[in-house]
>>> print(open('start_17.cif').read())   # mmCIF, C-alpha atoms and all ligand atoms
data_protein
#
loop_
_atom_site.label_atom_id
_atom_site.label_comp_id
_atom_site.auth_asym_id
_atom_site.auth_seq_id
_atom_site.Cartn_x
_atom_site.Cartn_y
_atom_site.Cartn_z
CA MET A 1 51.08 -0.13 4.76
CA ASP A 2 48.06 -2.39 4.25
CA ILE A 3 48.68 -6.10 4.72
CA ILE A 4 46.84 -8.95 2.99
CA PHE A 5 47.12 -12.53 4.23
CA ILE A 6 46.45 -15.26 1.62
CA THR A 7 46.51 -19.02 2.26
CA GLY A 8 47.76 -21.29 -0.54
CA VAL A 9 49.79 -18.99 -2.82
CA SER A 10 51.90 -21.65 -4.57
CA THR A 11 49.56 -22.02 -7.56
CA GLY A 12 46.15 -21.10 -8.97
CA ILE A 13 43.94 -18.38 -7.51
CA GLY A 14 46.22 -17.74 -4.52
CA TYR A 15 49.30 -17.25 -6.69
CA ALA A 16 47.41 -15.04 -9.15
CA ALA A 17 46.04 -12.91 -6.29
CA LEU A 18 49.51 -12.49 -4.81
CA LYS A 19 50.89 -11.49 -8.22
CA GLN A 20 48.12 -8.99 -8.92
CA LEU A 21 48.13 -7.39 -5.47
CA GLN A 22 51.83 -7.33 -4.53
CA ASP A 23 52.31 -3.87 -6.11
CA LYS A 24 49.74 -2.26 -3.85
CA TYR A 25 49.91 -4.22 -0.60
CA LEU A 26 52.32 -6.20 1.54
CA ILE A 27 51.28 -9.81 1.02
CA ILE A 28 51.73 -12.55 3.59
CA GLY A 29 51.19 -15.85 1.79
CA THR A 30 51.33 -19.46 2.88
CA VAL A 31 52.80 -22.42 0.99
CA ARG A 32 53.48 -26.01 1.99
CA LYS A 33 56.85 -26.52 0.35
CA GLN A 34 60.10 -24.76 1.12
CA GLU A 35 60.97 -24.70 -2.65
CA ASP A 36 57.75 -22.76 -3.37
CA ALA A 37 58.66 -20.25 -0.66
CA LYS A 38 62.10 -19.78 -2.21
CA GLU A 39 60.67 -19.30 -5.72
CA LEU A 40 58.17 -16.69 -4.51
CA LYS A 41 60.81 -14.77 -2.54
CA LYS A 42 63.05 -14.83 -5.61
CA ALA A 43 60.26 -13.52 -7.84
CA PHE A 44 58.71 -10.91 -5.53
CA GLY A 45 61.37 -10.08 -2.91
CA ASP A 46 60.34 -7.85 0.00
CA LYS A 47 56.83 -7.34 -1.33
CA VAL A 48 55.88 -10.74 0.07
CA GLU A 49 56.37 -12.62 3.33
CA ILE A 50 56.02 -16.36 2.89
CA LEU A 51 55.08 -18.74 5.70
CA VAL A 52 55.67 -22.47 5.19
CA LEU A 53 52.81 -24.43 6.72
CA ASP A 54 50.27 -27.10 6.07
CA VAL A 55 46.94 -25.78 7.35
CA THR A 56 46.06 -29.22 8.75
CA ASP A 57 49.11 -29.12 11.05
CA GLN A 58 47.70 -27.13 13.96
CA ALA A 59 50.94 -26.61 15.86
CA THR A 60 52.97 -25.40 12.85
CA THR A 61 50.12 -23.23 11.60
CA LYS A 62 49.90 -21.51 15.00
CA LYS A 63 53.68 -21.12 15.31
CA GLN A 64 54.13 -19.76 11.79
CA ILE A 65 51.24 -17.32 12.05
CA GLU A 66 52.41 -16.15 15.48
CA SER A 67 55.80 -15.37 13.93
CA ILE A 68 54.22 -12.48 11.99
CA PHE A 69 52.32 -11.05 14.99
CA PRO A 70 55.00 -8.35 15.56
CA LEU A 71 54.38 -7.12 11.99
CA LEU A 72 50.60 -7.25 12.46
CA GLU A 73 50.90 -5.42 15.79
CA ARG A 74 52.39 -2.49 13.88
CA HIS A 75 50.01 -2.45 10.92
CA GLY A 76 46.90 -4.52 11.70
CA LEU A 77 45.50 -6.77 8.97
CA HIS A 78 43.59 -5.26 6.05
CA CYS A 79 42.26 -8.51 4.61
CA LEU A 80 42.42 -12.28 5.08
CA ILE A 81 41.81 -14.40 1.99
CA ASN A 82 41.00 -18.01 2.93
CA ASN A 83 41.95 -19.63 -0.36
CA ALA A 84 43.84 -22.90 0.29
CA GLY A 85 41.62 -25.78 -0.70
CA ILE A 86 41.54 -29.27 -2.16
CA ALA A 87 38.96 -31.43 -3.90
CA VAL A 88 38.77 -35.10 -2.92
CA PRO A 89 36.47 -36.82 -5.41
CA GLY A 90 34.74 -40.18 -5.12
CA PRO A 91 31.39 -41.74 -4.29
CA LEU A 92 30.42 -41.06 -0.66
CA GLU A 93 29.86 -44.78 -0.12
CA TYR A 94 33.47 -45.68 -0.93
CA LEU A 95 35.46 -42.60 0.08
CA SER A 96 37.73 -43.60 2.97
CA GLU A 97 37.20 -42.15 6.43
CA SER A 98 40.63 -40.48 6.29
CA ASP A 99 40.12 -38.94 2.80
CA PHE A 100 36.76 -37.52 3.87
CA ALA A 101 38.24 -36.15 7.11
CA HIS A 102 41.20 -34.63 5.22
CA GLN A 103 38.81 -32.83 2.85
CA MET A 104 36.95 -31.33 5.81
CA ASP A 105 40.16 -30.42 7.62
CA VAL A 106 41.65 -28.43 4.72
CA ASN A 107 38.47 -26.79 3.42
CA VAL A 108 36.57 -26.19 6.65
CA LEU A 109 38.37 -26.71 9.97
CA ALA A 110 41.53 -24.96 8.83
CA VAL A 111 39.61 -21.89 7.69
CA ARG A 112 38.37 -21.35 11.25
CA ARG A 113 41.83 -22.24 12.60
CA VAL A 114 43.57 -19.56 10.52
CA THR A 115 40.78 -16.98 10.83
CA ASN A 116 40.65 -17.17 14.63
CA LEU A 117 44.40 -16.66 14.93
CA LEU A 118 44.15 -13.49 12.85
CA LEU A 119 40.84 -12.03 14.03
CA PRO A 120 42.31 -9.67 16.67
CA TYR A 121 44.32 -7.92 13.91
CA LEU A 122 41.24 -7.78 11.67
CA GLY A 123 39.51 -5.74 14.37
CA THR A 124 38.05 -7.86 17.18
CA ASP A 125 40.78 -6.12 19.18
CA SER A 126 39.72 -2.47 19.21
CA LYS A 127 43.36 -1.35 18.74
CA TYR A 128 43.05 -2.34 15.06
CA LYS A 129 40.93 -0.97 12.19
CA ALA A 130 38.15 -3.25 10.95
CA GLY A 131 39.36 -5.43 8.07
CA LYS A 132 37.84 -7.83 5.58
CA ILE A 133 37.65 -11.60 5.18
CA ILE A 134 37.23 -13.22 1.77
CA ASN A 135 36.46 -16.94 1.70
CA ILE A 136 37.08 -18.68 -1.61
CA SER A 137 34.06 -20.93 -1.68
CA SER A 138 32.64 -22.51 -4.86
CA VAL A 139 29.45 -23.13 -6.79
CA SER A 140 29.82 -26.49 -5.04
CA GLY A 141 28.79 -24.62 -1.90
CA LEU A 142 25.41 -24.05 -3.57
CA PHE A 143 24.87 -27.16 -5.65
CA ASN A 144 25.51 -30.79 -4.69
CA ALA A 145 27.13 -32.84 -7.44
CA PRO A 146 27.43 -36.63 -7.27
CA PHE A 147 30.93 -38.13 -6.96
CA ASN A 148 32.18 -34.78 -5.74
CA GLY A 149 30.28 -35.05 -2.49
CA SER A 150 32.98 -34.43 0.09
CA TYR A 151 34.02 -31.24 -1.74
CA CYS A 152 30.40 -30.05 -2.00
CA ILE A 153 29.78 -30.78 1.68
CA SER A 154 32.95 -28.89 2.64
CA LYS A 155 32.01 -25.85 0.54
CA HIS A 156 28.43 -25.85 1.88
CA ALA A 157 29.98 -25.78 5.36
CA LEU A 158 32.22 -22.91 4.28
CA GLU A 159 29.16 -21.00 3.06
CA SER A 160 27.60 -21.44 6.53
CA MET A 161 30.83 -20.43 8.23
CA THR A 162 30.94 -17.28 6.09
CA ASP A 163 27.42 -16.30 7.19
CA VAL A 164 28.02 -17.10 10.85
CA TYR A 165 31.30 -15.14 11.00
CA ARG A 166 29.70 -12.22 9.16
CA ARG A 167 26.85 -12.04 11.66
CA GLU A 168 29.11 -12.50 14.68
CA LEU A 169 31.69 -9.98 13.45
CA TYR A 170 29.06 -7.39 12.52
CA ARG A 171 29.60 -5.59 15.86
CA PHE A 172 33.26 -4.99 14.95
CA GLY A 173 32.53 -3.77 11.41
CA ILE A 174 34.54 -6.64 9.91
CA GLN A 175 33.20 -7.43 6.41
CA VAL A 176 32.99 -11.08 5.38
CA SER A 177 32.35 -12.17 1.79
CA ALA A 178 32.36 -15.46 -0.12
CA ILE A 179 33.44 -15.80 -3.73
CA GLU A 180 31.66 -18.74 -5.39
CA PRO A 181 33.48 -19.64 -8.60
CA GLY A 182 32.46 -22.16 -11.22
CA PRO A 183 35.30 -23.87 -13.13
CA ILE A 184 38.47 -21.74 -13.19
CA LYS A 185 41.63 -22.60 -15.09
CA THR A 186 43.90 -23.81 -12.29
CA GLU A 187 45.55 -27.07 -11.30
CA ILE A 188 42.94 -28.16 -8.77
CA TRP A 189 40.99 -30.59 -10.97
CA ARG A 190 43.96 -31.79 -12.97
CA LYS A 191 45.49 -32.81 -9.61
CA ASN A 192 42.58 -35.28 -9.55
CA LEU A 193 43.21 -36.96 -12.88
CA GLY A 194 43.39 -40.69 -12.21
CA GLN A 195 42.10 -40.26 -8.65
CA LEU A 196 38.80 -41.94 -9.42
CA ASP A 197 40.41 -45.08 -10.85
CA LYS A 198 40.38 -46.71 -7.43
CA PHE A 199 36.58 -46.68 -7.56
CA LEU A 200 36.31 -48.40 -10.95
CA ASP A 201 35.43 -51.78 -9.52
CA THR A 202 32.59 -50.35 -7.43
CA PRO A 203 28.97 -50.25 -8.64
CA TYR A 204 29.65 -46.65 -9.79
CA GLY A 205 32.54 -47.72 -12.04
CA ASP A 206 30.66 -47.35 -15.33
CA VAL A 207 30.16 -43.60 -14.79
CA LEU A 208 33.55 -42.96 -13.20
CA ALA A 209 35.41 -44.69 -16.05
CA SER A 210 35.08 -41.54 -18.14
CA ALA A 211 35.74 -39.09 -15.29
CA ASP A 212 39.18 -38.04 -16.58
CA LYS A 213 37.72 -37.31 -20.03
CA MET A 214 34.95 -35.28 -18.42
CA ILE A 215 37.41 -33.30 -16.28
CA ALA A 216 39.61 -32.58 -19.31
CA ASN A 217 36.60 -31.64 -21.41
CA SER A 218 35.08 -29.21 -18.97
CA ASP A 219 38.53 -27.78 -18.18
CA LYS A 220 38.40 -26.36 -21.71
CA HIS A 221 35.37 -24.28 -20.70
CA ALA A 222 36.88 -23.01 -17.44
CA MET A 223 37.18 -19.26 -16.86
CA PRO A 224 40.54 -17.46 -16.49
CA VAL A 225 41.78 -16.90 -12.97
CA LYS A 226 41.71 -13.12 -13.52
CA VAL A 227 37.92 -13.07 -13.14
CA ILE A 228 38.47 -14.07 -9.51
CA THR A 229 41.43 -11.81 -8.75
CA ASP A 230 39.48 -8.84 -10.17
CA ILE A 231 36.61 -9.60 -7.80
CA ILE A 232 39.08 -9.78 -4.93
CA GLU A 233 40.31 -6.28 -5.88
CA LYS A 234 36.74 -5.04 -6.17
CA ILE A 235 36.03 -6.28 -2.62
CA LEU A 236 39.22 -4.66 -1.32
CA HIS A 237 38.16 -1.29 -2.77
CA SER A 238 34.53 -1.47 -1.75
CA PRO A 239 33.42 0.10 1.54
CA LYS A 240 30.51 -2.34 1.62
CA PRO A 241 31.24 -5.47 -0.43
CA LYS A 242 28.51 -7.92 -1.33
CA THR A 243 28.18 -10.91 0.98
CA ARG A 244 28.60 -13.38 -1.91
CA TYR A 245 29.86 -13.24 -5.50
CA LEU A 246 28.71 -16.02 -7.81
CA VAL A 247 31.16 -16.37 -10.71
CA HIS A 248 29.75 -18.57 -13.45
CA LYS A 249 29.60 -18.46 -17.24
CA LYS A 250 25.83 -18.94 -17.11
CA PRO A 251 24.77 -17.47 -13.75
CA PHE A 252 21.06 -17.45 -14.55
CA MET A 253 21.07 -21.13 -15.56
CA PHE A 254 23.13 -22.00 -12.52
CA ARG A 255 20.79 -20.19 -10.10
CA LEU A 256 17.83 -21.89 -11.72
CA LEU A 257 19.45 -25.29 -11.25
CA ALA A 258 20.68 -24.66 -7.71
CA HIS A 259 17.74 -22.80 -6.24
CA TYR A 260 14.54 -22.98 -8.25
CA LEU A 261 14.10 -26.20 -10.22
CA PRO A 262 12.46 -29.06 -8.29
CA ASP A 263 14.99 -31.48 -6.73
CA ARG A 264 13.66 -34.54 -8.54
CA PHE A 265 13.80 -32.82 -11.91
CA VAL A 266 17.46 -31.90 -11.25
CA ASP A 267 18.23 -35.46 -10.05
CA ARG A 268 17.00 -36.83 -13.39
CA MET A 269 18.85 -34.18 -15.38
CA VAL A 270 22.17 -34.78 -13.58
CA ASN A 271 21.92 -38.55 -14.04
CA LYS A 272 21.00 -38.20 -17.70
CA THR A 273 24.06 -35.98 -18.25
CA LEU A 274 26.25 -38.47 -16.37
CA ALA A 275 25.01 -41.26 -18.61
CA LYS A 276 26.24 -39.32 -21.67
CA LYS A 277 29.78 -39.45 -20.19
CA GLU A 278 31.01 -36.40 -22.04
CA ASN A 279 30.84 -32.92 -20.71
CA TYR A 280 29.85 -33.38 -17.12
CA ARG A 281 32.08 -31.92 -14.44
CA PRO A 282 31.03 -31.62 -10.84
CA VAL A 283 31.20 -27.81 -10.59
N1 LIG B 301 39.75 -23.96 -9.85
C1 LIG B 301 38.45 -24.07 -9.74
O1 LIG B 301 37.75 -24.51 -10.68
C2 LIG B 301 37.77 -23.65 -8.47
C3 LIG B 301 36.38 -23.46 -8.49
C4 LIG B 301 35.75 -23.08 -7.32
C5 LIG B 301 36.48 -22.87 -6.16
N2 LIG B 301 37.82 -23.06 -6.15
C6 LIG B 301 38.54 -22.86 -4.88
O2 LIG B 301 39.61 -21.99 -5.05
C7 LIG B 301 40.62 -22.23 -4.04
C8 LIG B 301 41.99 -22.29 -4.70
O3 LIG B 301 42.03 -23.39 -5.58
P1 LIG B 301 42.78 -23.36 -6.98
O4 LIG B 301 41.77 -23.67 -8.01
O5 LIG B 301 43.60 -22.14 -7.11
O6 LIG B 301 43.66 -24.70 -6.81
P2 LIG B 301 45.22 -24.96 -6.70
O7 LIG B 301 45.94 -24.34 -7.84
O8 LIG B 301 45.31 -26.42 -6.49
O9 LIG B 301 45.64 -24.17 -5.37
C9 LIG B 301 45.31 -24.64 -4.09
C10 LIG B 301 46.28 -24.05 -3.08
O10 LIG B 301 45.94 -24.56 -1.78
C11 LIG B 301 47.13 -25.11 -1.20
N3 LIG B 301 46.85 -26.20 -0.28
C12 LIG B 301 46.26 -27.40 -0.55
N4 LIG B 301 46.25 -28.15 0.56
C13 LIG B 301 46.83 -27.43 1.55
C14 LIG B 301 47.13 -27.67 2.91
N5 LIG B 301 46.82 -28.84 3.51
N6 LIG B 301 47.76 -26.70 3.62
C15 LIG B 301 48.10 -25.54 3.04
N7 LIG B 301 47.85 -25.24 1.75
C16 LIG B 301 47.24 -26.19 1.02
C17 LIG B 301 47.93 -25.62 -2.41
O11 LIG B 301 49.27 -25.84 -2.03
P3 LIG B 301 50.17 -26.98 -2.78
O12 LIG B 301 50.63 -26.38 -4.06
O13 LIG B 301 51.27 -27.26 -1.82
O14 LIG B 301 49.26 -28.18 -3.01
C18 LIG B 301 47.72 -24.45 -3.36
O15 LIG B 301 48.57 -23.39 -3.01
C19 LIG B 301 40.20 -23.54 -3.36
O16 LIG B 301 39.60 -23.26 -2.11
C20 LIG B 301 39.17 -24.13 -4.32
O17 LIG B 301 38.25 -24.95 -3.67
C21 LIG B 301 38.49 -23.45 -7.29
#
>>> encode(input="start_17.cif", output="structure tokens", more="lines below")
Ligand SMILES: NC(=O)c1ccc[n+]([C@@H]2O[C@H](COP(=O)([O-])OP(=O)(O)OC[C@H]3O[C@@H](n4cnc5c(N)ncnc54)[C@H](OP(=O)(O)O)[C@@H]3O)[C@@H](O)[C@H]2O)c1
Amino acid sequence: MDIIFITGVSTGIGYAALKQLQDKYLIIGTVRKQEDAKELKKAFGDKVEILVLDVTDQATTKKQIESIFPLLERHGLHCLINNAGIAVPGPLEYLSESDFAHQMDVNVLAVRRVTNLLLPYLGTDSKYKAGKIINISSVSGLFNAPFNGSYCISKHALESMTDVYRRELYRFGIQVSAIEPGPIKTEIWRKNLGQLDKFLDTPYGDVLASADKMIANSDKHAMPVKVITDIIEKILHSPKPKTRYLVHKKPFMFRLLAHYLPDRFVDRMVNKTLAKKENYRPV
């Protein structure tokens, strides 16, 4: 029996991945709330094991993950999907120290925390077959958007972490890939509606006043979550997955913007779009 470990399966990409894969694999998923664990057990029964943990709580994360070691000792771990993530928006100048640190903890530090606990079963211990790691990164790991800075910084760090792990784990044959989605129809951005209001009386207030409208507007153009879960399945089936998968409606335009156009040209373009206050969304 092949086991897949997914962080953050209560909603969005994590939930959709669990749902799509639970027929073919045993899924170990993490949630933060006991009610979510109950719902998932009710819906999927023995096909899923649910651990209740907040990835920023080091002691509980360790204890909960250690509780499934006996299972992993029997089967190893086929794939770890580092999916749990949050977006903490706001101008870098005014974002509180604790909000910035929380963003980094969930999206960066916790990925290493969880990965390191599971690495022996992914094959750094020679008793186990080499597995795969999939990090759910973002186009924000490739392009830096204003007022979404802490998220962009966290996803750039995750991109680096993906490369470093891949190069360090090469000797064990463990494959490490990043998926870099543009806007996907999930709850993540809607969770931020109203979050920027606290910055309205800062010098950035004029632009941020229409942030909710911009989020709602660009949400309409978001891609369905299935585009991501299908890539996850493709990686699971591939003997040699790609190192990164950019998922964007206009990949050529995005690559041009992120990698080839001169910085100052992009700075002007981004600020012009912001001034229009309509269809701009950070990723
Ligand atoms: N949706 C997009 O447009 C988009 C684009 C690019 C990348 N991504 C990435 O995709 C991943 C999944 O996001 P999503 O869009 O599916 O959003 P989502 O629906 O909000 O799901 C996020 C998941 O992470 C969990 N989570 C948040 N904080 C946590 C913590 N401290 N400890 C443990 N779990 C925690 C959430 O649990 P709760 O339900 O308890 O909050 C939820 O299960 C994220 O890494 C995100 O950055 C999303």
>>> atom_distance(input="start_17.cif", atom1="CA of Leu261 in chain A", atom2="CA of Gly85 in chain A")
29.1 Å
>>> atom_distance(input="start_17.cif", atom1="CA of Lys234 in chain A", atom2="atom C11 of ligand LIG 301 (chain B)")
23.1 Å
>>> closest_residue(input="start_17.cif", among="A:Ile86, A:Val52, A:Met223, A:Leu72", to="Asp2 in chain A", atoms="only C-alpha atoms")
A:Leu72
>>> closest_residue(input="start_17.cif", among="A:Glu73, A:Glu66, A:Asp230, A:Glu187", to="ligand LIG 301 (chain B)", atoms="all atoms listed in the file")
A:Glu187
>>> residues_near_ligand(input="start_17.cif", ligand="ligand LIG 301 (chain B)", cutoff="7 Å", atoms="all atoms listed in the file", output="JSON, numbers by chain")
{"A": [7, 8, 9, 10, 11, 12, 13, 14, 30, 31, 32, 33, 53, 54, 55, 56, 83, 84, 85, 86, 87, 106, 107, 136, 137, 138, 139, 180, 181, 182, 183, 184, 185, 186, 187, 188, 189, 222]}
>>> atom_distance(input="start_17.cif", atom1="CA of Leu80 in chain A", atom2="CA of Tyr121 in chain A")
10.0 Å
>>> closest_residue(input="start_17.cif", among="A:Leu246, A:Ile3, A:Ala258, A:Val227", to="Leu71 in chain A", atoms="only C-alpha atoms")
A:Ile3
>>> closest_residue(input="start_17.cif", among="A:Asn271, A:Gln22, A:Ser154, A:Gln103", to="Leu40 in chain A", atoms="only C-alpha atoms")
A:Gln22
>>> residues_near_point(input="start_17.cif", point="(27.5, -13.9, -1.1)", cutoff="7 Å", atoms="all atoms listed in the file", output="tab-separated table (two decimals) with C-alpha atoms, keeping the file's coordinate frame")
chain	number	residue	atom	x	y	z
A	177	SER	CA	32.35	-12.17	1.79
A	178	ALA	CA	32.36	-15.46	-0.12
A	179	ILE	CA	33.44	-15.80	-3.73
A	242	LYS	CA	28.51	-7.92	-1.33
A	243	THR	CA	28.18	-10.91	0.98
A	244	ARG	CA	28.60	-13.38	-1.91
A	245	TYR	CA	29.86	-13.24	-5.50
>>> closest_residue(input="start_17.cif", among="A:Leu51, A:Pro91, A:Gln34, A:Tyr15", to="Leu200 in chain A", atoms="all atoms listed in the file")
A:Pro91
>>> closest_residue(input="start_17.cif", among="A:Leu119, A:Ile215, A:Met1, A:Val247", to="Arg74 in chain A", atoms="only C-alpha atoms")
A:Met1
>>> residues_around(input="start_17.cif", residues="Asn148 in chain A", least_positions_apart="3", cutoff="7 Å", atoms="all atoms listed in the file", output="PDB file with C-alpha atoms, keeping the file's coordinate frame")
ATOM      1  CA  PRO A  89      36.470 -36.820  -5.410  1.00  0.00           C
ATOM      2  CA  GLY A  90      34.740 -40.180  -5.120  1.00  0.00           C
ATOM      3  CA  ALA A 145      27.130 -32.840  -7.440  1.00  0.00           C
ATOM      4  CA  TYR A 151      34.020 -31.240  -1.740  1.00  0.00           C
ATOM      5  CA  CYS A 152      30.400 -30.050  -2.000  1.00  0.00           C
ATOM      6  CA  PRO A 282      31.030 -31.620 -10.840  1.00  0.00           C
TER       7      PRO A 282
END
>>> residues_around(input="start_17.cif", residues="range 128-130 of chain A", least_positions_apart="3", cutoff="6 Å", atoms="all atoms listed in the file", output="ChimeraX atom specification")
/A:76,121-123,173-174
>>> residues_around(input="start_17.cif", residues="Leu117 in chain A", least_positions_apart="4", cutoff="12 Å", atoms="all atoms listed in the file", output="list in words")
Phe5, Gln58, Ala59, Thr61, Lys62, Lys63, Gln64, Ile65, Glu66, Ser67, Ile68, Phe69, Leu72, Leu77, Leu80, Ala110, Val111, Arg112, Arg113, Tyr121, Leu122, Gly123, Thr124 and Asp125 of chain A
>>> residues_around(input="start_17.cif", residues="Leu256 in chain A", least_positions_apart="6", cutoff="12 Å", atoms="only C-alpha atoms", output="PDB file with C-alpha atoms, in the coordinates of the input")
ATOM      1  CA  LEU A 142      25.410 -24.050  -3.570  1.00  0.00           C
ATOM      2  CA  PHE A 143      24.870 -27.160  -5.650  1.00  0.00           C
ATOM      3  CA  LYS A 250      25.830 -18.940 -17.110  1.00  0.00           C
ATOM      4  CA  PRO A 262      12.460 -29.060  -8.290  1.00  0.00           C
ATOM      5  CA  ASP A 263      14.990 -31.480  -6.730  1.00  0.00           C
ATOM      6  CA  PHE A 265      13.800 -32.820 -11.910  1.00  0.00           C
ATOM      7  CA  VAL A 266      17.460 -31.900 -11.250  1.00  0.00           C
TER       8      VAL A 266
END
>>> build_atoms(input="start_17.cif", residues="range 32-49 of chain A", atoms="N, CA and C atoms", output="mmCIF file, in the frame of the given file")
data_model
loop_
_atom_site.group_PDB
_atom_site.id
_atom_site.type_symbol
_atom_site.label_atom_id
_atom_site.label_comp_id
_atom_site.auth_asym_id
_atom_site.auth_seq_id
_atom_site.Cartn_x
_atom_site.Cartn_y
_atom_site.Cartn_z
ATOM 1 N N ARG A 32 53.137 -24.823 1.211
ATOM 2 C CA ARG A 32 53.480 -26.010 1.990
ATOM 3 C C ARG A 32 54.938 -26.406 1.817
ATOM 4 N N LYS A 33 55.490 -26.030 0.637
ATOM 5 C CA LYS A 33 56.850 -26.520 0.350
ATOM 6 C C LYS A 33 57.874 -25.389 0.416
ATOM 7 N N GLN A 34 59.005 -25.711 1.014
ATOM 8 C CA GLN A 34 60.100 -24.760 1.120
ATOM 9 C C GLN A 34 60.523 -24.234 -0.260
ATOM 10 N N GLU A 35 60.553 -25.126 -1.287
ATOM 11 C CA GLU A 35 60.970 -24.700 -2.650
ATOM 12 C C GLU A 35 60.026 -23.626 -3.179
ATOM 13 N N ASP A 36 58.713 -23.768 -2.902
ATOM 14 C CA ASP A 36 57.750 -22.760 -3.370
ATOM 15 C C ASP A 36 58.016 -21.415 -2.688
ATOM 16 N N ALA A 37 58.359 -21.486 -1.397
ATOM 17 C CA ALA A 37 58.660 -20.250 -0.660
ATOM 18 C C ALA A 37 59.848 -19.547 -1.296
ATOM 19 N N LYS A 38 60.875 -20.337 -1.623
ATOM 20 C CA LYS A 38 62.100 -19.780 -2.210
ATOM 21 C C LYS A 38 61.803 -19.113 -3.548
ATOM 22 N N GLU A 39 61.037 -19.824 -4.392
ATOM 23 C CA GLU A 39 60.670 -19.300 -5.720
ATOM 24 C C GLU A 39 59.935 -17.965 -5.589
ATOM 25 N N LEU A 40 58.985 -17.905 -4.659
ATOM 26 C CA LEU A 40 58.170 -16.690 -4.510
ATOM 27 C C LEU A 40 59.017 -15.532 -3.989
ATOM 28 N N LYS A 41 59.932 -15.829 -3.066
ATOM 29 C CA LYS A 41 60.810 -14.770 -2.540
ATOM 30 C C LYS A 41 61.709 -14.255 -3.653
ATOM 31 N N LYS A 42 62.163 -15.208 -4.501
ATOM 32 C CA LYS A 42 63.050 -14.830 -5.610
ATOM 33 C C LYS A 42 62.284 -13.923 -6.588
ATOM 34 N N ALA A 43 61.034 -14.279 -6.852
ATOM 35 C CA ALA A 43 60.260 -13.520 -7.840
ATOM 36 C C ALA A 43 59.766 -12.178 -7.296
ATOM 37 N N PHE A 44 59.387 -12.118 -6.023
ATOM 38 C CA PHE A 44 58.710 -10.910 -5.530
ATOM 39 C C PHE A 44 59.444 -10.175 -4.405
ATOM 40 N N GLY A 45 60.527 -10.756 -3.907
ATOM 41 C CA GLY A 45 61.370 -10.080 -2.910
ATOM 42 C C GLY A 45 60.607 -9.619 -1.679
ATOM 43 N N ASP A 46 60.880 -8.351 -1.264
ATOM 44 C CA ASP A 46 60.340 -7.850 0.000
ATOM 45 C C ASP A 46 58.847 -7.553 -0.044
ATOM 46 N N LYS A 47 58.270 -7.652 -1.243
ATOM 47 C CA LYS A 47 56.830 -7.340 -1.330
ATOM 48 C C LYS A 47 55.990 -8.461 -0.731
ATOM 49 N N VAL A 48 56.640 -9.616 -0.503
ATOM 50 C CA VAL A 48 55.880 -10.740 0.070
ATOM 51 C C VAL A 48 56.629 -11.362 1.252
ATOM 52 N N GLU A 49 55.844 -11.791 2.221
ATOM 53 C CA GLU A 49 56.370 -12.620 3.330
ATOM 54 C C GLU A 49 55.759 -13.989 3.119
#
